[in-house]
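Participant: For reference, the file run.txt (compact mmCIF, C-alpha atoms and all ligand atoms) is included below:
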# COMPACT_ATOMS: atom_id res chain seq x y z
CA MET H 1147 10.99 -38.78 61.50
CA PRO H 1148 9.20 -38.10 58.19
CA GLU H 1149 8.07 -34.50 57.83
CA ALA H 1150 4.32 -34.13 58.18
CA GLY H 1151 2.51 -33.93 54.86
CA ARG H 1152 5.59 -34.39 52.67
CA PRO H 1153 6.01 -37.48 50.53
CA THR H 1154 9.19 -39.43 51.22
CA GLY H 1155 10.93 -42.35 49.54
CA PRO H 1156 13.09 -42.83 46.46
CA GLY H 1157 12.97 -39.96 43.97
CA ARG H 1158 12.06 -37.36 46.62
CA LEU H 1159 14.93 -34.86 46.49
CA PHE H 1160 15.39 -32.03 48.97
CA GLY H 1161 18.43 -30.23 47.52
CA ARG H 1162 18.48 -28.03 44.44
CA ARG H 1163 18.77 -29.33 40.88
CA ARG H 1164 19.44 -26.05 39.13
CA GLY H 1165 21.74 -23.18 40.02
CA LYS H 1166 23.05 -20.30 37.95
CA LYS H 1167 22.89 -20.55 34.15
CA LEU H 1168 25.84 -22.55 32.80
CA ARG H 1169 28.49 -20.73 30.79
CA PRO H 1170 27.96 -21.36 27.03
CA ALA H 1171 31.03 -23.66 26.71
CA ARG H 1172 29.95 -25.71 29.70
CA GLN H 1173 26.36 -25.82 28.45
CA ALA H 1174 27.59 -27.08 25.07
CA LEU H 1175 29.74 -29.75 26.73
CA PHE H 1176 26.79 -30.71 28.92
CA GLU H 1177 24.50 -31.13 25.91
CA ARG H 1178 27.10 -33.11 23.97
CA LEU H 1179 28.50 -35.38 26.67
CA LEU H 1180 25.60 -35.97 29.05
CA PRO H 1181 23.48 -38.01 26.59
CA ARG H 1182 26.49 -40.28 25.95
CA LEU H 1183 27.21 -40.90 29.62
CA ALA H 1184 23.81 -40.69 31.25
CA ILE H 1185 22.05 -43.63 32.83
CA THR H 1186 18.40 -42.74 32.18
CA HIS H 1187 15.24 -43.56 34.04
CA ALA H 1188 14.34 -45.84 31.11
CA ASP H 1189 17.57 -47.78 31.77
CA LEU H 1190 16.27 -48.52 35.27
CA THR H 1191 13.15 -50.29 34.02
CA ALA H 1192 15.06 -53.23 32.48
CA PRO H 1193 17.42 -55.40 34.56
CA LEU H 1194 20.52 -53.21 34.91
CA GLN H 1195 23.91 -54.89 34.61
CA PRO H 1196 26.28 -52.14 35.75
CA ARG H 1197 29.47 -53.57 34.21
CA GLN H 1198 27.75 -53.60 30.82
CA LEU H 1199 27.16 -49.84 31.02
CA PHE H 1200 30.82 -49.27 30.15
CA PRO H 1201 32.46 -49.76 26.73
CA ALA H 1202 35.33 -51.86 28.15
CA CYS H 1203 33.66 -54.20 30.63
CA PRO H 1204 35.34 -53.13 33.91
CA THR H 1205 36.58 -55.52 36.58
CA GLU H 1206 34.24 -53.92 39.13
CA VAL H 1207 31.96 -50.93 39.61
CA TRP H 1208 32.23 -48.14 42.20
CA LEU H 1209 29.48 -45.60 42.83
CA GLU H 1210 29.59 -42.12 44.37
CA VAL H 1211 26.39 -40.64 45.80
CA GLY H 1212 26.24 -36.83 45.50
CA CYS H 1213 29.59 -36.37 43.76
CA GLY H 1214 29.12 -32.58 43.59
CA ALA H 1215 31.65 -31.11 41.16
CA GLY H 1216 33.17 -34.54 40.68
CA GLU H 1217 36.81 -33.90 41.56
CA HIS H 1218 36.96 -36.98 43.79
CA LEU H 1219 35.25 -39.27 41.31
CA ALA H 1220 37.31 -38.04 38.33
CA THR H 1221 40.59 -38.52 40.18
CA GLN H 1222 39.63 -42.00 41.35
CA ALA H 1223 38.49 -42.86 37.80
CA ALA H 1224 41.83 -41.70 36.39
CA ARG H 1225 43.72 -43.75 38.99
CA HIS H 1226 41.65 -46.89 38.40
CA PRO H 1227 40.99 -47.20 34.66
CA GLN H 1228 40.00 -50.86 35.08
CA VAL H 1229 37.09 -49.88 37.39
CA GLY H 1230 33.76 -48.51 36.14
CA PHE H 1231 32.56 -45.40 38.03
CA ILE H 1232 28.97 -44.28 38.42
CA ALA H 1233 28.60 -40.65 39.48
CA VAL H 1234 25.23 -39.73 40.97
CA GLU H 1235 24.43 -36.04 41.22
CA PRO H 1236 21.07 -34.34 40.72
CA TYR H 1237 22.56 -30.81 40.85
CA LEU H 1238 23.16 -30.02 37.20
CA ALA H 1239 25.87 -27.38 37.68
CA GLY H 1240 27.88 -29.95 39.69
CA LEU H 1241 27.36 -32.51 36.96
CA ALA H 1242 28.57 -30.00 34.36
CA ARG H 1243 31.86 -29.64 36.27
CA LEU H 1244 32.21 -33.41 36.45
CA LEU H 1245 31.72 -33.62 32.68
CA ALA H 1246 34.50 -31.04 32.23
CA HIS H 1247 36.83 -33.30 34.27
CA VAL H 1248 35.78 -36.31 32.20
CA GLN H 1249 36.59 -34.50 28.99
CA GLU H 1250 39.86 -32.92 30.18
CA ARG H 1251 41.18 -36.24 31.46
CA GLY H 1252 39.76 -38.33 28.62
CA LEU H 1253 38.02 -40.69 31.05
CA GLY H 1254 36.26 -43.60 29.39
CA ASN H 1255 35.15 -45.31 32.61
CA VAL H 1256 32.53 -42.86 33.96
CA ARG H 1257 28.72 -42.97 33.70
CA VAL H 1258 26.35 -40.55 35.39
CA PHE H 1259 22.89 -40.61 36.92
CA ALA H 1260 21.29 -37.21 37.52
CA ASP H 1261 18.70 -38.04 40.16
CA ASP H 1262 18.22 -39.54 43.60
CA ALA H 1263 20.84 -42.25 44.17
CA ALA H 1264 18.20 -44.38 45.91
CA LEU H 1265 16.44 -44.90 42.55
CA LEU H 1266 19.62 -46.26 41.02
CA LEU H 1267 20.62 -48.36 44.02
CA ALA H 1268 17.18 -49.96 43.98
CA ALA H 1269 17.61 -50.89 40.30
CA LEU H 1270 21.06 -52.46 40.67
CA PRO H 1271 21.36 -56.21 41.00
CA GLU H 1272 22.25 -57.71 44.36
CA ALA H 1273 26.01 -57.60 45.14
CA SER H 1274 26.90 -55.64 41.99
CA LEU H 1275 28.97 -52.82 43.53
CA ALA H 1276 32.49 -53.09 44.94
CA ARG H 1277 32.65 -49.65 46.56
CA LEU H 1278 30.30 -46.87 47.58
CA PHE H 1279 31.20 -43.27 48.47
CA LEU H 1280 29.01 -40.77 50.30
CA LEU H 1281 31.24 -37.74 50.85
CA PHE H 1282 30.00 -34.74 52.78
CA PRO H 1283 26.28 -35.42 52.32
CA ASP H 1284 23.88 -32.55 53.07
CA PRO H 1285 23.75 -32.73 56.88
CA TRP H 1286 20.17 -31.50 57.48
CA PRO H 1287 21.16 -30.68 61.06
CA LYS H 1288 17.68 -29.84 62.40
CA SER H 1289 16.06 -32.90 63.94
CA ARG H 1290 12.78 -32.19 62.14
CA HIS H 1291 14.72 -32.60 58.86
CA ALA H 1292 16.36 -35.89 59.86
CA GLY H 1293 14.17 -37.74 57.35
CA ARG H 1294 15.98 -35.90 54.54
CA ARG H 1295 19.38 -37.37 55.40
CA PHE H 1296 20.73 -39.80 52.86
CA VAL H 1297 21.79 -42.20 55.60
CA SER H 1298 18.46 -43.74 56.51
CA PRO H 1299 17.17 -47.25 57.22
CA ALA H 1300 15.77 -47.51 53.68
CA ASN H 1301 18.98 -46.35 51.97
CA ILE H 1302 21.18 -48.51 54.21
CA ALA H 1303 19.10 -51.51 53.11
CA LEU H 1304 19.54 -50.51 49.45
CA ALA H 1305 23.30 -50.12 49.92
CA ALA H 1306 23.57 -53.44 51.75
CA ARG H 1307 21.78 -55.17 48.88
CA ALA H 1308 23.82 -53.54 46.10
CA LEU H 1309 27.26 -53.95 47.71
CA ARG H 1310 28.99 -57.27 47.39
CA ASP H 1311 30.44 -59.07 50.40
CA GLY H 1312 33.62 -57.36 51.56
CA ALA H 1313 32.85 -54.14 49.66
CA GLU H 1314 33.67 -50.81 51.28
CA TRP H 1315 31.29 -47.92 51.98
CA ARG H 1316 33.07 -44.65 52.74
CA ILE H 1317 31.17 -41.84 54.41
CA ALA H 1318 32.84 -38.54 55.26
CA THR H 1319 31.32 -35.54 57.00
CA ASP H 1320 32.24 -32.37 58.85
CA ASP H 1321 29.00 -32.47 60.83
CA MET H 1322 29.43 -34.33 64.12
CA GLY H 1323 25.66 -34.77 64.45
CA TYR H 1324 25.59 -36.54 61.08
CA CYS H 1325 28.59 -38.62 62.12
CA ARG H 1326 26.85 -39.82 65.30
CA TRP H 1327 23.62 -40.39 63.37
CA THR H 1328 25.45 -42.50 60.75
CA LEU H 1329 27.23 -44.60 63.36
CA ARG H 1330 23.96 -45.22 65.21
CA GLN H 1331 22.05 -46.05 62.02
CA LEU H 1332 24.69 -48.50 60.80
CA ALA H 1333 25.25 -50.04 64.23
CA ASP H 1334 21.54 -50.87 64.34
CA ARG H 1335 21.99 -53.12 61.31
CA ASP H 1336 24.21 -56.13 60.94
CA ALA H 1337 25.19 -55.70 57.29
CA PHE H 1338 28.14 -53.36 57.92
CA LEU H 1339 31.23 -53.44 60.09
CA TRP H 1340 32.84 -50.10 61.04
CA LEU H 1341 36.55 -50.33 60.19
CA ALA H 1342 38.07 -48.37 63.06
CA ASP H 1343 40.45 -49.58 65.74
CA THR H 1344 41.95 -46.26 66.81
CA ALA H 1345 40.79 -42.64 66.65
CA ASP H 1346 43.17 -41.99 63.77
CA ASP H 1347 41.19 -44.47 61.69
CA TRP H 1348 38.34 -41.93 61.53
CA ARG H 1349 40.19 -38.66 62.19
CA GLN H 1350 42.61 -39.17 59.32
CA PRO H 1351 41.52 -39.75 55.71
CA PRO H 1352 42.38 -43.11 54.12
CA ALA H 1353 45.76 -43.24 52.32
CA ASP H 1354 44.23 -42.95 48.83
CA TRP H 1355 41.98 -40.04 49.79
CA VAL H 1356 41.08 -37.32 47.26
CA PRO H 1357 39.89 -34.10 48.95
CA THR H 1358 36.49 -32.82 47.85
CA ARG H 1359 35.24 -29.26 47.45
CA TYR H 1360 33.05 -29.38 50.56
CA GLU H 1361 35.84 -30.90 52.60
CA GLN H 1362 38.14 -28.04 51.61
CA LYS H 1363 35.46 -25.48 52.51
CA ALA H 1364 34.95 -27.18 55.89
CA ARG H 1365 38.68 -27.21 56.63
CA SER H 1366 39.06 -23.55 55.60
CA ALA H 1367 36.26 -22.72 58.03
CA GLY H 1368 38.14 -24.60 60.78
CA ARG H 1369 35.78 -27.57 60.98
CA ALA H 1370 37.22 -31.05 61.60
CA CYS H 1371 36.22 -33.83 59.21
CA VAL H 1372 35.59 -37.49 59.96
CA TYR H 1373 36.22 -40.37 57.59
CA LEU H 1374 34.12 -43.47 58.24
CA ARG H 1375 34.80 -46.74 56.45
CA PHE H 1376 32.42 -49.69 56.63
CA ARG H 1377 32.89 -53.19 55.32
CA ARG H 1378 29.89 -55.07 53.86
CA ARG H 1379 29.76 -58.22 55.96
CA ALA H 1380 29.53 -61.57 54.23
CA ARG H 1381 25.86 -62.40 53.74
CA ALA H 1382 26.05 -65.84 55.35
CA CYS H 1383 27.93 -64.28 58.27
CA ALA H 1384 25.24 -61.63 58.79
CA GLY H 1385 22.60 -64.38 58.91
CA ALA H 1386 24.66 -66.36 61.40
CA LEU H 1387 25.03 -63.24 63.55
CA ARG H 1388 21.29 -62.68 63.53
CA ASP H 1389 20.68 -66.29 64.52
CA ALA H 1390 23.26 -66.01 67.30
CA ARG H 1391 21.72 -62.82 68.78
CA PRO H 1392 17.97 -63.25 68.35
CA GLY H 1393 17.15 -61.00 71.27
CA LEU H 1394 19.18 -58.10 69.88
CA LEU H 1395 18.34 -58.00 66.18
C1 LIG N 1401 27.15 -31.02 50.46
S1 LIG N 1401 27.22 -31.55 48.80
C2 LIG N 1401 28.75 -32.47 48.75
C3 LIG N 1401 29.27 -32.63 47.35
C4 LIG N 1401 30.60 -33.42 47.24
N1 LIG N 1401 30.43 -34.80 47.67
C5 LIG N 1401 31.70 -32.76 48.01
O1 LIG N 1401 32.12 -33.31 49.04
O2 LIG N 1401 32.16 -31.68 47.58
C6 LIG N 1401 26.03 -32.88 48.79
C7 LIG N 1401 25.63 -33.29 47.38
O3 LIG N 1401 24.76 -34.40 47.45
C8 LIG N 1401 23.79 -34.27 46.42
N2 LIG N 1401 22.62 -35.07 46.81
C9 LIG N 1401 21.69 -34.76 47.74
N3 LIG N 1401 20.77 -35.74 47.84
C10 LIG N 1401 21.13 -36.69 46.95
C11 LIG N 1401 20.56 -37.93 46.58
N4 LIG N 1401 19.43 -38.38 47.13
N5 LIG N 1401 21.17 -38.66 45.61
C12 LIG N 1401 22.33 -38.21 45.05
N6 LIG N 1401 22.91 -37.04 45.36
C13 LIG N 1401 22.32 -36.29 46.29
C14 LIG N 1401 23.52 -32.78 46.36
O4 LIG N 1401 22.99 -32.39 45.11
C15 LIG N 1401 24.90 -32.19 46.62
O5 LIG N 1401 25.60 -31.92 45.44
Could you quickly redo this structure as structure tokens?
Ligand SMILES: C[S@@+](CC[C@H](N)C(=O)[O-])C[C@H]1O[C@@H](n2cnc3c(N)ncnc32)[C@H](O)[C@@H]1O
Facilitator:
Amino acid sequence: MPEAGRPTGPGRLFGRRRGKKLRPARQALFERLLPRLAITHADLTAPLQPRQLFPACPTEVWLEVGCGAGEHLATQAARHPQVGFIAVEPYLAGLARLLAHVQERGLGNVRVFADDAALLLAALPEASLARLFLLFPDPWPKSRHAGRRFVSPANIALAARALRDGAEWRIATDDMGYCRWTLRQLADRDAFLWLADTADDWRQPPADWVPTRYEQKARSAGRACVYLRFRRRARACAGALRDARPGLL
């Protein structure tokens, strides 16, 4: 439910953008590297071709929403140099840590967007992403704050449009309310198939998993984490499904 009197929609952020002042070395790195890697709001006004954002045109593009300090994205980028990675993180101190990883590892396949991921998803061409990560999103556990959750009908529609057929969307959380919410929200739409046959498929992380900061905090506090993987259904198939179940969809 939207909160009374508060504007909603793309570009409306609820988390913080600024934290403590950056250390001088990190501030200097931020000022030097961010302009080279940033996808700007001006970039979103022209048709955006994500593979062309990278110096060596990558085979495919993966995007992480709310990458925090970027340890997951940087490790995946180092493992998959042929893939282009877009890190989205409005919290500038998190972004500064990601930039430190990019520099230390000499990553040439990372670009960043420092605002609401919905703005970027909306600007991407149809079927232009091969993978999407949403790892430990802010849970907003109170029901009156449910409208702040990243998993929402509007953002699911944006993700479904931007992901190509067969692409994977990974969502991890340590908040069981958010887990149930996500499963309900995605089950209500026919664009995604939950890839789980047994409980281990969501209790255990995928084989190529890279632990994130929030995941480690959750585990240290004794909270269990869930790892949800969804497959973007083939577009023709989703249409056929809708036609076959008119009373349900
Ligand atoms: C709980 S933190 C998790 C960070 C990281 N994924 C991890 O697991 O350590 C959630 C992050 O999502 C970011 N975030 C919140 N809303 C966002 C949005 N609309 N678009 C992109 N990032 C967002 C926040 O700034 C925050 O850094």
Participant: Determine the nearest neighbour of ligand LIG 1401 (chain N) from the options H:Val1229, H:Ala1224, H:Ala1260, H:Leu1190, counting all atoms listed in the file.
Facilitator: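 Selected residue with least distance to ligand LIG 1401 (chain N): H:Ala1260.
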Participant: Would you list the contacts of Ala1269 (chain H) as an NGL selection string, taking every protein, DNA or RNA residue within 8 Å and counting all atoms listed in the file, but skipping same-chain residues closer than 4 positions in sequence?
Facilitator: :H and (1190-1191 or 1193-1194 or 1265)
Participant: With all atoms listed in the file as the atoms that count, which of H:Ala1337, H:Ala1223, H:Ala1370, H:Ala1174 lies nearest to Pro1351 (chain H)?
Facilitator: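 With all atoms listed in the file as the atom set, the closest residue is H:Ala1370.
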Participant: Kindly work out which residues sit at most 8 Å from ligand LIG 1401 (chain N), using only C-alpha atoms and all ligand atoms, and give the list as a PyMOL selection string.
Facilitator: chain H and resi 1156-1163+1211-1218+1234-1237+1240+1260-1264+1280-1285+1295-1296+1357-1361
Participant: Quick one: everything within 9 Å of Gly1254 (chain H), counting all atoms listed in the file, minus sequence neighbours fewer than 4 positions away in the same chain. Send it as a list in words.
Facilitator: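 In the requested form, the answer reads Phe1200, Pro1201, Ala1202, Ala1223, Pro1227, Gly1230 and Val1248 of chain H.
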Participant: Can you tell me how far CA of Arg1335 (chain H) sits from CA of Glu1272 (chain H), in Å to one decimal?
Facilitator: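 So the two atoms, CA of Arg1335 (chain H) and CA of Glu1272 (chain H), lie 17.6 Å apart.
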Participant: So how many Å separate CA of His1247 (chain H) and CA of Thr1221 (chain H), to one decimal?
Facilitator: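 According to the coordinates, CA of His1247 (chain H) and CA of Thr1221 (chain H) are separated by 8.7 Å.
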Participant: Using all atoms listed in the file, find the one residue out of H:Ala1292, H:Cys1371, H:Leu1245, H:Ala1233 that sits nearest to Arg1178 (chain H).
Facilitator: H:Leu1245
Participant: Can you work out the spacing between CA of Arg1172 (chain H) and CA of Val1258 (chain H) in Å, to one decimal?
Facilitator: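 Spanning CA of Arg1172 (chain H) to CA of Val1258 (chain H) is a straight-line distance of 16.3 Å.
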Participant: I'd like to know which of H:Leu1253, H:Leu1219, H:Ala1308, H:Ile1232 is closest to Ala1184 (chain H), using all atoms listed in the file.
Facilitator: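 Closest to Ala1184 (chain H) of all the choices is H:Ile1232.
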